[in-house]
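**Q** There's a structure below that I have some questions on.
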Amino acid sequence: MAHPEDMRQPTQKTTSVGPIPTLLSAASFALGVFIAARSLRLKREAEEHLREKELNDRFSKAIEQLVSRRPFEQLGGIYALEGIMLDSERIQPTVVELLAAFVRENAPVSAGGADDHLDQRVRPTEPVKAALIVLGRRPKRNEPFRVDLRRTDLRGAYLEYARLEGANLGASRLEGAFLEGCQLQGAWLGDTCMHEADLEEVNLEGADLYGADMKRAKNLTLNQVLAARPTHWTQLPPDLSPDDHQDLERRMSAVEHNEVPVHFLRACADGREILPLGEMDEARQRWLEAVN
């Protein structure tokens, strides 16, 4: 006969999970996570590959349009390249170089100097205008080069507030150009003609003005010139003569002492002034004797 106390005790069954099922459950979970992560990675790689393929196709099509001789196709190619540039930071340097080369090819400086009287009808073609617009409003990203627009005929061009900092505009023609607010800090403007160009609020900080012809430029101020790198070879308006402005005279002298010998070498490297080596040395020596 069972004891009464034993009758009051409930019967307890203990169950235990062995180590093997636990390990299988953990392994199954880890495998699921791995498969999900791998699937996500493969999906992203496929999407990136598709995106690159689409960019390459768009790029190839844009180049075909750009090299066309039909202006409306060139316009389509230019704006297609802008769209590609906005979508891909990696491709931006290539697009910038292509558009700058397009401007150089389609708007080269012709033989002959600056005109005494500006022809108001002279303007860049529509495709060249479009290329300049796209270059001027491109995203501000790291670019390991200067925008190369040297020896281009940009008479009457609209470049208001364009981003052309550090650009090479050497020996270009900017007569009658609208440059209000243009960012030209650090630009190379050597031998550039700016007759009748509107320079209101143009940022010329650090811009190289060696040989620049600005004597008939509009809205050019003393502060703009002082912020740049003028020399006595810079042609300025009569009201900005260094004879009348001591600050300007000092600025020119300081720039010349440090920079002018380099200009001789730079001119030859750019092909703007090919001198025999002997004449080159003599010219530099004469200059050094004059400033020392």
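Scheme for the structure tokens: letters A, B, ... for chains in order shown; per-chain residue numbers from 1; ligand numbers from 1 in order shown.
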Can you check which parts of stretch 140-203 of chain A lie within 12 Å of stretch 84-91 of chain A? Per residue, the shortest pair of atoms and distance in Å to one decimal, counting only C-alpha atoms, sorted by chain and number, as a tab-separated table.
**A**
residue	atom	partner	partner_atom	distance
A:Lys140	CA	A:Glu89	CA	10.0
A:Arg141	CA	A:Glu89	CA	7.6
A:Asn142	CA	A:Glu89	CA	9.1
A:Glu143	CA	A:Glu89	CA	10.1
**Q** Suppose we keep C-alpha atoms; can you now write the selection as a CSV table (one decimal), in the first residue's frame?
**A**
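Generated file (part20.csv):
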chain,number,residue,atom,x,y,z
A,140,LYS,CA,32.2,69.6,-58.6
A,141,ARG,CA,34.3,66.5,-58.2
A,142,ASN,CA,38.0,65.7,-57.9
A,143,GLU,CA,39.6,66.2,-61.4
**Q** For stretch 208-221 of chain A, find every residue with an atom within 8 Å (counting only C-alpha atoms), except residues of its own chain fewer than 6 positions away, and show them as a list in words.
**A**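 Returned residues: Gly186, Ala187, Trp188, Leu189, Gly190, Asp191, Thr192, Cys193, Met194, His195, Glu196, Ala197, Asp198, Leu199, Glu200, Ala228, Arg229, Pro230, Thr231, Trp233, Thr234, Gln235, Leu236, Pro237, Pro238, Leu240 and His263 of chain A.
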**Q** If you keep C-alpha atoms, can you produce a file of those selected residues as an mmCIF file, in the first residue's frame?
**A**
data_model
loop_
_atom_site.group_PDB
_atom_site.id
_atom_site.type_symbol
_atom_site.label_atom_id
_atom_site.label_comp_id
_atom_site.auth_asym_id
_atom_site.auth_seq_id
_atom_site.Cartn_x
_atom_site.Cartn_y
_atom_site.Cartn_z
ATOM 1 C CA GLY A 186 43.864 79.521 -61.187
ATOM 2 C CA ALA A 187 43.128 79.538 -64.926
ATOM 3 C CA TRP A 188 45.826 79.988 -67.562
ATOM 4 C CA LEU A 189 44.866 83.070 -69.618
ATOM 5 C CA GLY A 190 48.218 83.759 -71.239
ATOM 6 C CA ASP A 191 47.882 85.578 -74.583
ATOM 7 C CA THR A 192 44.085 85.408 -74.352
ATOM 8 C CA CYS A 193 42.205 88.281 -76.025
ATOM 9 C CA MET A 194 39.244 89.645 -74.055
ATOM 10 C CA HIS A 195 38.225 92.751 -76.004
ATOM 11 C CA GLU A 196 34.650 93.746 -75.052
ATOM 12 C CA ALA A 197 34.323 90.690 -72.806
ATOM 13 C CA ASP A 198 32.098 91.261 -69.761
ATOM 14 C CA LEU A 199 34.199 90.437 -66.691
ATOM 15 C CA GLU A 200 31.747 91.531 -64.010
ATOM 16 C CA ALA A 228 45.249 87.414 -60.293
ATOM 17 C CA ARG A 229 48.828 87.103 -61.598
ATOM 18 C CA PRO A 230 49.327 90.141 -63.837
ATOM 19 C CA THR A 231 52.641 91.228 -65.338
ATOM 20 C CA TRP A 233 52.951 92.152 -70.401
ATOM 21 C CA THR A 234 49.299 92.117 -69.343
ATOM 22 C CA GLN A 235 47.382 94.705 -71.361
ATOM 23 C CA LEU A 236 44.907 96.449 -69.054
ATOM 24 C CA PRO A 237 42.334 99.224 -69.546
ATOM 25 C CA PRO A 238 43.716 102.784 -69.310
ATOM 26 C CA LEU A 240 44.091 100.357 -64.516
ATOM 27 C CA HIS A 263 56.669 81.519 -68.805
#
**Q** Within 12 Å of A:Ala167, counting only C-alpha atoms, which residues show up once you throw out same-chain ones fewer than 5 positions away? Write them as a ChimeraX atom specification, please.
**A** /A:96-97,100,135-136,143-150,162,172,182-190,204,206-208
**Q** Would you write out those residues with N, CA and C atoms, as a PDB file, in the first residue's frame?
**A**
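Now in result-v6.pdb:
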ATOM      1  N   VAL A  96      34.636  65.041 -69.595  1.00  0.00           N
ATOM      2  CA  VAL A  96      35.179  66.407 -69.638  1.00  0.00           C
ATOM      3  C   VAL A  96      36.242  66.524 -70.724  1.00  0.00           C
ATOM      4  N   GLU A  97      37.132  65.550 -70.806  1.00  0.00           N
ATOM      5  CA  GLU A  97      38.177  65.592 -71.829  1.00  0.00           C
ATOM      6  C   GLU A  97      37.578  65.504 -73.237  1.00  0.00           C
ATOM      7  N   ALA A 100      35.892  68.926 -74.046  1.00  0.00           N
ATOM      8  CA  ALA A 100      36.910  69.952 -74.294  1.00  0.00           C
ATOM      9  C   ALA A 100      37.565  69.735 -75.656  1.00  0.00           C
ATOM     10  N   LEU A 135      30.215  71.721 -69.740  1.00  0.00           N
ATOM     11  CA  LEU A 135      31.483  71.846 -69.016  1.00  0.00           C
ATOM     12  C   LEU A 135      31.351  72.831 -67.860  1.00  0.00           C
ATOM     13  N   GLY A 136      30.627  73.914 -68.091  1.00  0.00           N
ATOM     14  CA  GLY A 136      30.520  74.957 -67.080  1.00  0.00           C
ATOM     15  C   GLY A 136      29.658  74.604 -65.895  1.00  0.00           C
ATOM     16  N   GLU A 143      39.115  66.364 -59.985  1.00  0.00           N
ATOM     17  CA  GLU A 143      39.584  66.212 -61.362  1.00  0.00           C
ATOM     18  C   GLU A 143      41.098  66.440 -61.393  1.00  0.00           C
ATOM     19  N   PRO A 144      41.858  65.432 -61.786  1.00  0.00           N
ATOM     20  CA  PRO A 144      43.323  65.543 -61.742  1.00  0.00           C
ATOM     21  C   PRO A 144      43.915  66.211 -62.975  1.00  0.00           C
ATOM     22  N   PHE A 145      43.193  67.155 -63.581  1.00  0.00           N
ATOM     23  CA  PHE A 145      43.696  67.776 -64.804  1.00  0.00           C
ATOM     24  C   PHE A 145      43.010  69.117 -64.990  1.00  0.00           C
ATOM     25  N   ARG A 146      43.547  69.928 -65.919  1.00  0.00           N
ATOM     26  CA  ARG A 146      42.919  71.182 -66.310  1.00  0.00           C
ATOM     27  C   ARG A 146      41.990  70.938 -67.497  1.00  0.00           C
ATOM     28  N   VAL A 147      40.882  71.674 -67.522  1.00  0.00           N
ATOM     29  CA  VAL A 147      40.037  71.645 -68.713  1.00  0.00           C
ATOM     30  C   VAL A 147      40.800  72.358 -69.825  1.00  0.00           C
ATOM     31  N   ASP A 148      41.092  71.649 -70.895  1.00  0.00           N
ATOM     32  CA  ASP A 148      41.971  72.162 -71.949  1.00  0.00           C
ATOM     33  C   ASP A 148      41.153  72.824 -73.054  1.00  0.00           C
ATOM     34  N   LEU A 149      41.080  74.157 -73.004  1.00  0.00           N
ATOM     35  CA  LEU A 149      40.371  74.931 -74.027  1.00  0.00           C
ATOM     36  C   LEU A 149      41.309  75.921 -74.702  1.00  0.00           C
ATOM     37  N   ARG A 150      42.580  75.607 -74.743  1.00  0.00           N
ATOM     38  CA  ARG A 150      43.547  76.537 -75.332  1.00  0.00           C
ATOM     39  C   ARG A 150      43.326  76.665 -76.838  1.00  0.00           C
ATOM     40  N   ALA A 162      30.103  79.963 -65.185  1.00  0.00           N
ATOM     41  CA  ALA A 162      30.655  78.661 -65.576  1.00  0.00           C
ATOM     42  C   ALA A 162      31.795  78.271 -64.645  1.00  0.00           C
ATOM     43  N   SER A 172      43.465  81.868 -76.440  1.00  0.00           N
ATOM     44  CA  SER A 172      42.091  81.781 -76.937  1.00  0.00           C
ATOM     45  C   SER A 172      41.538  83.171 -77.227  1.00  0.00           C
ATOM     46  N   CYS A 182      31.883  84.090 -63.853  1.00  0.00           N
ATOM     47  CA  CYS A 182      32.629  82.885 -64.260  1.00  0.00           C
ATOM     48  C   CYS A 182      33.740  82.580 -63.259  1.00  0.00           C
ATOM     49  N   GLN A 183      33.925  81.307 -62.956  1.00  0.00           N
ATOM     50  CA  GLN A 183      34.960  80.876 -62.016  1.00  0.00           C
ATOM     51  C   GLN A 183      36.244  80.567 -62.788  1.00  0.00           C
ATOM     52  N   LEU A 184      37.152  81.535 -62.791  1.00  0.00           N
ATOM     53  CA  LEU A 184      38.412  81.383 -63.526  1.00  0.00           C
ATOM     54  C   LEU A 184      39.617  81.392 -62.594  1.00  0.00           C
ATOM     55  N   GLN A 185      39.398  81.110 -61.324  1.00  0.00           N
ATOM     56  CA  GLN A 185      40.532  81.113 -60.406  1.00  0.00           C
ATOM     57  C   GLN A 185      41.544  80.030 -60.808  1.00  0.00           C
ATOM     58  N   GLY A 186      42.798  80.444 -60.819  1.00  0.00           N
ATOM     59  CA  GLY A 186      43.864  79.521 -61.187  1.00  0.00           C
ATOM     60  C   GLY A 186      43.923  79.181 -62.659  1.00  0.00           C
ATOM     61  N   ALA A 187      43.138  79.852 -63.490  1.00  0.00           N
ATOM     62  CA  ALA A 187      43.128  79.538 -64.926  1.00  0.00           C
ATOM     63  C   ALA A 187      44.359  80.108 -65.615  1.00  0.00           C
ATOM     64  N   TRP A 188      44.721  79.494 -66.736  1.00  0.00           N
ATOM     65  CA  TRP A 188      45.826  79.988 -67.562  1.00  0.00           C
ATOM     66  C   TRP A 188      45.223  80.809 -68.690  1.00  0.00           C
ATOM     67  N   LEU A 189      45.433  82.146 -68.639  1.00  0.00           N
ATOM     68  CA  LEU A 189      44.866  83.070 -69.618  1.00  0.00           C
ATOM     69  C   LEU A 189      45.953  83.770 -70.416  1.00  0.00           C
ATOM     70  N   GLY A 190      47.118  83.160 -70.501  1.00  0.00           N
ATOM     71  CA  GLY A 190      48.218  83.759 -71.239  1.00  0.00           C
ATOM     72  C   GLY A 190      47.875  83.981 -72.697  1.00  0.00           C
ATOM     73  N   LEU A 204      39.058  85.855 -60.663  1.00  0.00           N
ATOM     74  CA  LEU A 204      40.364  85.707 -61.314  1.00  0.00           C
ATOM     75  C   LEU A 204      41.469  85.379 -60.308  1.00  0.00           C
ATOM     76  N   GLY A 206      44.397  84.076 -58.626  1.00  0.00           N
ATOM     77  CA  GLY A 206      45.467  83.184 -59.044  1.00  0.00           C
ATOM     78  C   GLY A 206      45.526  82.916 -60.531  1.00  0.00           C
ATOM     79  N   ALA A 207      44.663  83.548 -61.316  1.00  0.00           N
ATOM     80  CA  ALA A 207      44.682  83.326 -62.769  1.00  0.00           C
ATOM     81  C   ALA A 207      45.921  83.955 -63.385  1.00  0.00           C
ATOM     82  N   ASP A 208      46.542  83.259 -64.315  1.00  0.00           N
ATOM     83  CA  ASP A 208      47.770  83.724 -64.956  1.00  0.00           C
ATOM     84  C   ASP A 208      47.414  84.621 -66.130  1.00  0.00           C
TER      85      ASP A 208
END
**Q** Quick one: pull the distance between atom CA of A:Arg151 and atom CA of A:Ala171, Å, one decimal.
**A**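 Pair atom CA of A:Arg151 / atom CA of A:Ala171 returns 4.9 Å.
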**Q** Using only C-alpha atoms, can you tell me which of A:Lys129, A:Arg138, A:His232, A:Arg163 comes closest to A:Asn106?
**A**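 Ranking A:Lys129, A:Arg138, A:His232, A:Arg163 by distance to A:Asn106, first place goes to A:Lys129.
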**Q** Using DSSP on the backbone coordinates, identify all residues within stretch 21-113 of chain A classified as alpha helix (DSSP H); present the result as a ChimeraX atom specification.
**A** /A:21-66,71-87,92-106
